[in-house]
$ cat my_file.pdb   # PDB, C-alpha atoms
ATOM      1  CA  MET A  13     313.669  81.859 163.218
ATOM      2  CA  PRO A  14     309.933  82.278 163.897
ATOM      3  CA  ILE A  15     307.547  81.840 160.994
ATOM      4  CA  LYS A  16     303.949  83.022 161.130
ATOM      5  CA  VAL A  17     301.217  80.432 160.654
ATOM      6  CA  LEU A  18     297.736  81.839 160.033
ATOM      7  CA  ILE A  19     295.016  79.704 161.599
ATOM      8  CA  PRO A  20     291.559  79.696 159.962
ATOM      9  CA  THR A  21     288.395  80.345 161.980
ATOM     10  CA  PRO A  22     287.337  76.680 162.460
ATOM     11  CA  LEU A  23     290.728  75.592 163.808
ATOM     12  CA  ARG A  24     291.241  78.404 166.294
ATOM     13  CA  PRO A  25     289.474  76.575 169.169
ATOM     14  CA  TYR A  26     292.270  73.981 168.899
ATOM     15  CA  ALA A  27     295.036  76.619 168.799
ATOM     16  CA  GLY A  28     294.310  78.536 171.981
ATOM     17  CA  LYS A  29     291.829  80.759 170.085
ATOM     18  CA  GLN A  30     294.739  82.407 168.280
ATOM     19  CA  SER A  31     294.532  83.555 164.670
ATOM     20  CA  THR A  32     298.326  83.489 164.284
ATOM     21  CA  VAL A  33     300.879  81.140 165.825
ATOM     22  CA  GLU A  34     304.637  81.592 165.518
ATOM     23  CA  VAL A  35     306.845  78.532 165.133
ATOM     24  CA  ASN A  36     310.549  77.953 164.594
ATOM     25  CA  ALA A  37     311.295  75.898 161.512
ATOM     26  CA  GLN A  38     313.424  75.525 158.392
ATOM     27  CA  THR A  39     310.728  73.887 156.255
ATOM     28  CA  VAL A  40     306.947  73.944 155.983
ATOM     29  CA  GLY A  41     306.731  70.354 157.262
ATOM     30  CA  GLU A  42     308.780  71.239 160.311
ATOM     31  CA  ALA A  43     306.602  74.294 160.915
ATOM     32  CA  LEU A  44     303.431  72.194 160.839
ATOM     33  CA  ASN A  45     304.956  69.572 163.130
ATOM     34  CA  ASN A  46     306.020  72.256 165.590
ATOM     35  CA  LEU A  47     302.546  73.782 165.372
ATOM     36  CA  VAL A  48     300.844  70.526 166.388
ATOM     37  CA  THR A  49     303.452  69.987 169.111
ATOM     38  CA  GLN A  50     302.500  73.389 170.568
ATOM     39  CA  HIS A  51     298.797  72.675 170.042
ATOM     40  CA  PRO A  52     298.257  68.881 170.065
ATOM     41  CA  ASP A  53     294.481  69.185 169.575
ATOM     42  CA  LEU A  54     295.165  70.525 166.079
ATOM     43  CA  ARG A  55     296.840  67.320 164.915
ATOM     44  CA  LYS A  56     293.761  65.307 163.995
ATOM     45  CA  HIS A  57     292.259  68.302 162.201
ATOM     46  CA  LEU A  58     295.306  68.737 159.983
ATOM     47  CA  PHE A  59     296.645  65.226 159.521
ATOM     48  CA  ALA A  60     295.063  61.892 158.611
ATOM     49  CA  GLU A  61     295.999  58.731 160.515
ATOM     50  CA  ASP A  62     298.755  58.014 157.992
ATOM     51  CA  GLY A  63     300.386  61.319 158.936
ATOM     52  CA  LYS A  64     299.617  63.018 155.627
ATOM     53  CA  LEU A  65     297.755  66.301 155.395
ATOM     54  CA  ARG A  66     294.021  65.715 155.211
ATOM     55  CA  SER A  67     292.744  65.986 151.654
ATOM     56  CA  PHE A  68     290.627  69.065 152.326
ATOM     57  CA  VAL A  69     293.378  71.005 154.108
ATOM     58  CA  ASN A  70     295.292  73.409 151.877
ATOM     59  CA  VAL A  71     298.611  74.802 153.020
ATOM     60  CA  TYR A  72     300.117  77.816 151.323
ATOM     61  CA  LEU A  73     303.547  79.323 151.719
ATOM     62  CA  ASN A  74     302.881  82.989 150.991
ATOM     63  CA  ASP A  75     300.925  82.755 147.702
ATOM     64  CA  GLU A  76     301.957  79.251 146.665
ATOM     65  CA  ASP A  77     300.279  75.917 147.347
ATOM     66  CA  ILE A  78     302.958  73.664 148.882
ATOM     67  CA  ARG A  79     301.655  70.756 146.759
ATOM     68  CA  TYR A  80     303.165  72.565 143.779
ATOM     69  CA  LEU A  81     306.395  73.391 145.612
ATOM     70  CA  ALA A  82     308.411  70.794 147.499
ATOM     71  CA  LYS A  83     305.465  69.849 149.783
ATOM     72  CA  ASP A  84     306.672  69.285 153.381
ATOM     73  CA  ALA A  85     310.276  69.889 152.342
ATOM     74  CA  THR A  86     309.536  73.394 151.067
ATOM     75  CA  PRO A  87     312.065  75.724 152.707
ATOM     76  CA  ALA A  88     310.578  78.470 154.885
ATOM     77  CA  LYS A  89     312.206  81.593 156.253
ATOM     78  CA  GLU A  90     311.418  84.243 158.831
ATOM     79  CA  THR A  91     309.669  86.605 156.433
ATOM     80  CA  ASP A  92     307.350  83.863 155.122
ATOM     81  CA  THR A  93     303.749  83.282 156.121
ATOM     82  CA  ILE A  94     302.169  79.861 156.121
ATOM     83  CA  THR A  95     298.396  79.886 155.713
ATOM     84  CA  ILE A  96     296.149  76.930 156.463
ATOM     85  CA  VAL A  97     292.833  76.983 154.640
ATOM     86  CA  PRO A  98     290.228  74.193 154.568
ATOM     87  CA  SER A  99     288.507  73.812 151.219
ATOM     88  CA  VAL A 100     285.111  75.346 150.430
ATOM     89  CA  ALA A 101     282.935  73.426 147.986
ATOM     90  CA  GLY A 102     279.584  71.732 147.577
ATOM     91  CA  GLY A 103     276.640  71.402 145.285
ATOM     92  CA  VAL A 104     273.336  69.666 144.822
TER      93      VAL A 104
ATOM     94  CA  MET B  42     272.844  81.703 167.440
ATOM     95  CA  ALA B  43     272.022  83.918 164.486
ATOM     96  CA  LEU B  44     273.545  85.390 161.379
ATOM     97  CA  ARG B  45     273.016  89.154 161.261
ATOM     98  CA  ILE B  46     273.198  90.773 157.850
ATOM     99  CA  GLN B  47     272.158  94.097 156.384
ATOM    100  CA  LYS B  48     269.442  93.870 153.772
ATOM    101  CA  GLY B  49     271.730  95.389 151.130
ATOM    102  CA  LEU B  50     274.333  92.662 151.691
ATOM    103  CA  LEU B  51     271.693  89.932 151.635
ATOM    104  CA  ASP B  52     270.377  91.353 148.351
ATOM    105  CA  GLN B  53     273.939  91.352 147.010
ATOM    106  CA  LEU B  54     274.466  87.630 147.531
ATOM    107  CA  ARG B  55     270.979  86.803 146.201
ATOM    108  CA  GLU B  56     271.614  88.878 143.077
ATOM    109  CA  HIS B  57     274.892  87.040 142.554
ATOM    110  CA  GLY B  58     272.865  83.822 142.272
ATOM    111  CA  GLU B  59     270.617  85.452 139.668
ATOM    112  CA  GLN B  60     273.603  86.698 137.660
ATOM    113  CA  THR B  61     275.264  83.276 137.438
ATOM    114  CA  TYR B  62     272.038  81.305 136.829
ATOM    115  CA  PRO B  63     271.818  78.506 135.657
ATOM    116  CA  HIS B  64     275.213  78.048 137.291
ATOM    117  CA  GLU B  65     275.944  78.075 141.015
ATOM    118  CA  CYS B  66     277.455  81.223 142.456
ATOM    119  CA  CYS B  67     279.663  81.273 145.534
ATOM    120  CA  GLY B  68     281.330  83.702 147.866
ATOM    121  CA  VAL B  69     282.568  84.511 151.342
ATOM    122  CA  LEU B  70     280.867  86.271 154.252
ATOM    123  CA  VAL B  71     283.251  88.501 156.173
ATOM    124  CA  GLY B  72     282.444  89.980 159.562
ATOM    125  CA  ASP B  73     282.780  89.217 163.230
ATOM    126  CA  PHE B  74     281.689  86.864 165.971
ATOM    127  CA  ASP B  75     280.333  88.129 169.287
ATOM    128  CA  ASP B  76     280.848  86.417 172.651
ATOM    129  CA  ALA B  77     277.747  84.273 172.112
ATOM    130  CA  ASP B  78     279.031  83.191 168.674
ATOM    131  CA  ASN B  79     276.423  85.226 166.832
ATOM    132  CA  LYS B  80     277.859  86.488 163.564
ATOM    133  CA  THR B  81     277.509  89.883 161.954
ATOM    134  CA  VAL B  82     278.274  90.097 158.248
ATOM    135  CA  ARG B  83     280.194  93.277 157.359
ATOM    136  CA  SER B  84     280.884  92.491 153.715
ATOM    137  CA  VAL B  85     280.075  89.930 151.062
ATOM    138  CA  VAL B  86     282.902  88.867 148.749
ATOM    139  CA  ALA B  87     281.824  87.308 145.454
ATOM    140  CA  CYS B  88     284.142  84.529 144.266
ATOM    141  CA  GLY B  89     284.519  82.648 141.036
ATOM    142  CA  ASN B  90     283.197  79.078 140.799
ATOM    143  CA  THR B  91     286.167  76.938 139.768
ATOM    144  CA  ARG B  92     283.951  73.896 139.007
ATOM    145  CA  THR B  93     283.748  74.722 135.331
ATOM    146  CA  ASP B  94     283.208  71.005 134.625
ATOM    147  CA  SER B  95     279.792  71.051 136.339
ATOM    148  CA  PRO B  96     278.904  74.611 137.398
ATOM    149  CA  GLN B  97     275.149  73.996 137.287
ATOM    150  CA  ASN B  98     275.309  71.722 140.337
ATOM    151  CA  ARG B  99     278.746  72.138 141.943
ATOM    152  CA  TYR B 100     280.778  74.960 143.360
ATOM    153  CA  HIS B 101     284.320  75.322 144.607
ATOM    154  CA  ILE B 102     286.195  78.422 145.737
ATOM    155  CA  SER B 103     289.864  78.554 144.843
ATOM    156  CA  PRO B 104     292.041  78.210 147.982
ATOM    157  CA  ALA B 105     294.193  81.058 146.638
ATOM    158  CA  GLU B 106     291.137  83.317 146.665
ATOM    159  CA  LEU B 107     290.227  82.169 150.194
ATOM    160  CA  ILE B 108     293.731  82.903 151.403
ATOM    161  CA  ARG B 109     293.690  86.390 149.915
ATOM    162  CA  ILE B 110     290.343  87.091 151.620
ATOM    163  CA  GLN B 111     291.545  85.589 154.910
ATOM    164  CA  ARG B 112     294.616  87.847 154.884
ATOM    165  CA  GLU B 113     292.646  90.965 153.981
ATOM    166  CA  THR B 114     290.018  90.337 156.673
ATOM    167  CA  ALA B 115     292.724  89.814 159.296
ATOM    168  CA  LEU B 116     294.226  93.208 158.420
ATOM    169  CA  VAL B 117     290.962  94.949 159.372
ATOM    170  CA  GLY B 118     290.396  92.820 162.471
ATOM    171  CA  GLN B 119     287.596  90.771 160.953
ATOM    172  CA  ASP B 120     287.070  87.097 160.190
ATOM    173  CA  ILE B 121     285.587  84.779 157.633
ATOM    174  CA  VAL B 122     282.227  84.000 159.274
ATOM    175  CA  GLY B 123     280.655  81.963 156.489
ATOM    176  CA  PHE B 124     280.096  81.238 152.831
ATOM    177  CA  TYR B 125     277.250  81.441 150.387
ATOM    178  CA  HIS B 126     276.238  79.651 147.238
ATOM    179  CA  SER B 127     273.159  79.217 145.085
ATOM    180  CA  HIS B 128     271.062  76.212 144.133
ATOM    181  CA  PRO B 129     269.749  76.782 140.605
ATOM    182  CA  ASP B 130     266.321  75.106 140.321
ATOM    183  CA  TRP B 131     266.843  73.289 143.580
ATOM    184  CA  PRO B 132     265.563  74.075 147.118
ATOM    185  CA  ALA B 133     267.455  76.327 149.544
ATOM    186  CA  LYS B 134     268.444  73.298 151.619
ATOM    187  CA  TRP B 135     271.830  71.728 152.141
ATOM    188  CA  SER B 136     272.582  68.615 150.116
ATOM    189  CA  SER B 137     274.695  65.613 151.080
ATOM    190  CA  THR B 138     277.459  67.031 148.851
ATOM    191  CA  ASP B 139     277.248  70.343 150.723
ATOM    192  CA  LEU B 140     277.761  68.521 154.018
ATOM    193  CA  ASP B 141     280.522  66.231 152.725
ATOM    194  CA  GLU B 142     282.458  69.233 151.413
ATOM    195  CA  ALA B 143     281.877  71.521 154.431
ATOM    196  CA  HIS B 144     284.863  71.886 156.765
ATOM    197  CA  TRP B 145     284.502  75.312 158.392
ATOM    198  CA  THR B 146     282.955  74.387 161.734
ATOM    199  CA  GLY B 147     281.238  77.291 163.469
ATOM    200  CA  CYS B 148     280.707  79.113 160.178
ATOM    201  CA  SER B 149     277.471  79.778 158.310
ATOM    202  CA  TYR B 150     276.651  78.198 154.977
ATOM    203  CA  VAL B 151     274.029  80.350 153.269
ATOM    204  CA  ILE B 152     272.095  78.852 150.363
ATOM    205  CA  THR B 153     269.774  80.681 147.960
ATOM    206  CA  SER B 154     267.401  78.838 145.652
ATOM    207  CA  VAL B 155     267.159  80.423 142.201
ATOM    208  CA  GLU B 156     264.350  79.614 139.792
ATOM    209  CA  ASN B 157     264.186  81.038 136.267
ATOM    210  CA  GLU B 158     266.866  83.614 137.088
ATOM    211  CA  LYS B 159     265.009  84.823 140.193
ATOM    212  CA  ALA B 160     266.327  84.330 143.720
ATOM    213  CA  VAL B 161     263.546  82.723 145.763
ATOM    214  CA  LEU B 162     264.490  81.617 149.256
ATOM    215  CA  THR B 163     267.669  82.140 151.283
ATOM    216  CA  ASN B 164     268.477  79.958 154.288
ATOM    217  CA  SER B 165     271.474  79.682 156.566
ATOM    218  CA  PHE B 166     272.945  76.536 158.080
ATOM    219  CA  LEU B 167     275.520  76.448 160.846
ATOM    220  CA  LEU B 168     278.196  73.751 160.575
ATOM    221  CA  GLN B 169     278.681  72.061 163.936
ATOM    222  CA  GLY B 170     280.660  69.131 165.342
ATOM    223  CA  GLU B 171     283.981  67.663 164.289
ATOM    224  CA  GLU B 172     284.802  66.055 160.942
ATOM    225  CA  GLN B 173     283.559  62.595 161.976
ATOM    226  CA  ASP B 174     280.224  63.829 163.349
ATOM    227  CA  LYS B 175     279.740  67.147 161.562
ATOM    228  CA  HIS B 176     276.237  68.296 160.830
ATOM    229  CA  PHE B 177     274.288  71.359 159.773
ATOM    230  CA  GLU B 178     271.849  73.126 162.078
ATOM    231  CA  ASP B 179     269.227  75.567 160.849
ATOM    232  CA  GLU B 180     270.362  79.105 161.634
ATOM    233  CA  LEU B 181     268.249  82.247 161.939
ATOM    234  CA  ILE B 182     269.066  85.020 159.458
ATOM    235  CA  GLU B 183     268.461  88.314 161.222
ATOM    236  CA  VAL B 184     268.106  91.033 158.599
ATOM    237  CA  VAL B 185     269.095  94.450 159.908
ATOM    238  CA  GLU B 186     268.772  97.854 158.280
TER     239      GLU B 186
END
$ encode --input "my_file.pdb" --output "structure tokens"
Amino acid sequence: MPIKVLIPTPLRPYAGKQSTVEVNAQTVGEALNNLVTQHPDLRKHLFAEDGKLRSFVNVYLNDEDIRYLAKDATPAKETDTITIVPSVAGGV
Amino acid sequence: MALRIQKGLLDQLREHGEQTYPHECCGVLVGDFDDADNKTVRSVVACGNTRTDSPQNRYHISPAELIRIQRETALVGQDIVGFYHSHPDWPAKWSSTDLDEAHWTGCSYVITSVENEKAVLTNSFLLQGEEQDKHFEDELIEVVE
């Protein structure tokens, strides 16, 4: 059951320069784990040393932030799209 | 490496900073990369600043808005190539907060200084390195007609 994962511009060098990667998974957590298994260089850019998503990495299932769903346990199906988006912020 | 942008698009992002003064504006630069990693901006997407607690000196773009833009750009074969924001009454230079909060390596961070509602200077900075050694490099803005 392949699920599409959209890779943002800064992470593409670690994902074989692809903008989309397909992974087989039943949940978002499984999809992300399978993604970093396919592309090990992505791991440190997505996950902190404790294995949790880095604070500035947002993961959406379709239009929903997984933090407000069931996080890693959020079920995912073939028609879903997972989007990874690093945060954009700053100021003086 | 350079950031190529039409004058009309550059004016658009500068005017956004004037409109939101004394608050920071922010938005996304959409376009494409060439083989030498030069970027050409094809459109400028104005975003809302979600930092309503301190909009005069902070900006943040909603991830939901970024995701919508990322999807729409992919549909037309383009990419997010950078971001812009304004510095009301502050120089057009990156701050330590700008660097701490920057995570889009290889993308341009364009900053416009705005004084008394007038856009003054616009500079671009290229984010390089990985998270532990990231840094900004000055980047040429090539204005094209």
$ interface_residues --input "my_file.pdb" --of "chain A" --to "chain B" --cutoff "12 Å" --atoms "all atoms listed in the file" --output "NGL selection string"
:A and (17-26 or 30-32 or 53-54 or 56-60 or 66-78 or 93-104)
$ write_last_selection --input "my_file.pdb" --atoms "C-alpha atoms" --output "JSON list (two decimals), in the frame of the given file"
[["chain", "number", "residue", "atom", "x", "y", "z"],
["A", 17, "VAL", "CA", 301.22, 80.43, 160.65],
["A", 18, "LEU", "CA", 297.74, 81.84, 160.03],
["A", 19, "ILE", "CA", 295.02, 79.70, 161.60],
["A", 20, "PRO", "CA", 291.56, 79.70, 159.96],
["A", 21, "THR", "CA", 288.40, 80.34, 161.98],
["A", 22, "PRO", "CA", 287.34, 76.68, 162.46],
["A", 23, "LEU", "CA", 290.73, 75.59, 163.81],
["A", 24, "ARG", "CA", 291.24, 78.40, 166.29],
["A", 25, "PRO", "CA", 289.47, 76.58, 169.17],
["A", 26, "TYR", "CA", 292.27, 73.98, 168.90],
["A", 30, "GLN", "CA", 294.74, 82.41, 168.28],
["A", 31, "SER", "CA", 294.53, 83.56, 164.67],
["A", 32, "THR", "CA", 298.33, 83.49, 164.28],
["A", 53, "ASP", "CA", 294.48, 69.18, 169.58],
["A", 54, "LEU", "CA", 295.17, 70.53, 166.08],
["A", 56, "LYS", "CA", 293.76, 65.31, 164.00],
["A", 57, "HIS", "CA", 292.26, 68.30, 162.20],
["A", 58, "LEU", "CA", 295.31, 68.74, 159.98],
["A", 59, "PHE", "CA", 296.64, 65.23, 159.52],
["A", 60, "ALA", "CA", 295.06, 61.89, 158.61],
["A", 66, "ARG", "CA", 294.02, 65.72, 155.21],
["A", 67, "SER", "CA", 292.74, 65.99, 151.65],
["A", 68, "PHE", "CA", 290.63, 69.06, 152.33],
["A", 69, "VAL", "CA", 293.38, 71.00, 154.11],
["A", 70, "ASN", "CA", 295.29, 73.41, 151.88],
["A", 71, "VAL", "CA", 298.61, 74.80, 153.02],
["A", 72, "TYR", "CA", 300.12, 77.82, 151.32],
["A", 73, "LEU", "CA", 303.55, 79.32, 151.72],
["A", 74, "ASN", "CA", 302.88, 82.99, 150.99],
["A", 75, "ASP", "CA", 300.92, 82.76, 147.70],
["A", 76, "GLU", "CA", 301.96, 79.25, 146.66],
["A", 77, "ASP", "CA", 300.28, 75.92, 147.35],
["A", 78, "ILE", "CA", 302.96, 73.66, 148.88],
["A", 93, "THR", "CA", 303.75, 83.28, 156.12],
["A", 94, "ILE", "CA", 302.17, 79.86, 156.12],
["A", 95, "THR", "CA", 298.40, 79.89, 155.71],
["A", 96, "ILE", "CA", 296.15, 76.93, 156.46],
["A", 97, "VAL", "CA", 292.83, 76.98, 154.64],
["A", 98, "PRO", "CA", 290.23, 74.19, 154.57],
["A", 99, "SER", "CA", 288.51, 73.81, 151.22],
["A", 100, "VAL", "CA", 285.11, 75.35, 150.43],
["A", 101, "ALA", "CA", 282.94, 73.43, 147.99],
["A", 102, "GLY", "CA", 279.58, 71.73, 147.58],
["A", 103, "GLY", "CA", 276.64, 71.40, 145.28],
["A", 104, "VAL", "CA", 273.34, 69.67, 144.82]]
$ atom_distance --input "my_file.pdb" --atom1 "atom CA of A:Gln38" --atom2 "atom CA of A:Thr91"
11.9 Å
$ atom_distance --input "my_file.pdb" --atom1 "atom CA of B:Leu54" --atom2 "atom CA of B:Met42"
20.8 Å
$ atom_distance --input "my_file.pdb" --atom1 "atom CA of A:Thr39" --atom2 "atom CA of A:Leu65"
15.1 Å
$ axis_aligned_box --input "my_file.pdb" --around "stretch 62-65 of chain B" --padding-each-side "8 Å" --output "lines of an AutoDock Vina configuration file"
center_x = 273.9
center_y = 79.7
center_z = 138.3
size_x = 20.1
size_y = 19.3
size_z = 21.4
$ closest_residue --input "my_file.pdb" --among "B:Val185, B:Pro63, B:Leu70, B:Ala160" --to "B:Gly49" --atoms "only C-alpha atoms"
B:Val185
$ residues_around --input "my_file.pdb" --residues "B:Val82" --least-positions-apart "3" --cutoff "8 Å" --atoms "all atoms listed in the file" --output "list of chain:residue names"
B:Leu44, B:Arg45, B:Ile46, B:Gln47, B:Leu70, B:Val71, B:Gly72, B:Asp73, B:Val85, B:Val122
$ closest_residue --input "my_file.pdb" --among "A:Pro14, A:Gly63, A:Arg79, A:Thr49" --to "A:Ala37" --atoms "only C-alpha atoms"
A:Pro14
$ residues_near_point --input "my_file.pdb" --point "(312.6, 86.8, 160.6)" --cutoff "10 Å" --atoms "all atoms listed in the file" --output "list of chain:residue names"
A:Met13, A:Pro14, A:Ile15, A:Lys16, A:Asn36, A:Lys89, A:Glu90, A:Thr91, A:Asp92
$ resolve_selection --input "my_file.pdb" --expression "the PyMOL selection byres ((chain B and resi 159) around 9)" --output "ChimeraX atom specification"
/B:55-56,58-59,62,154-158,160-161
$ resolve_selection --input "my_file.pdb" --expression "the PyMOL selection byres ((chain A and resi 85) around 8)" --output "MDAnalysis selection string"
chainID A and resid 39:41 82:84 86:87
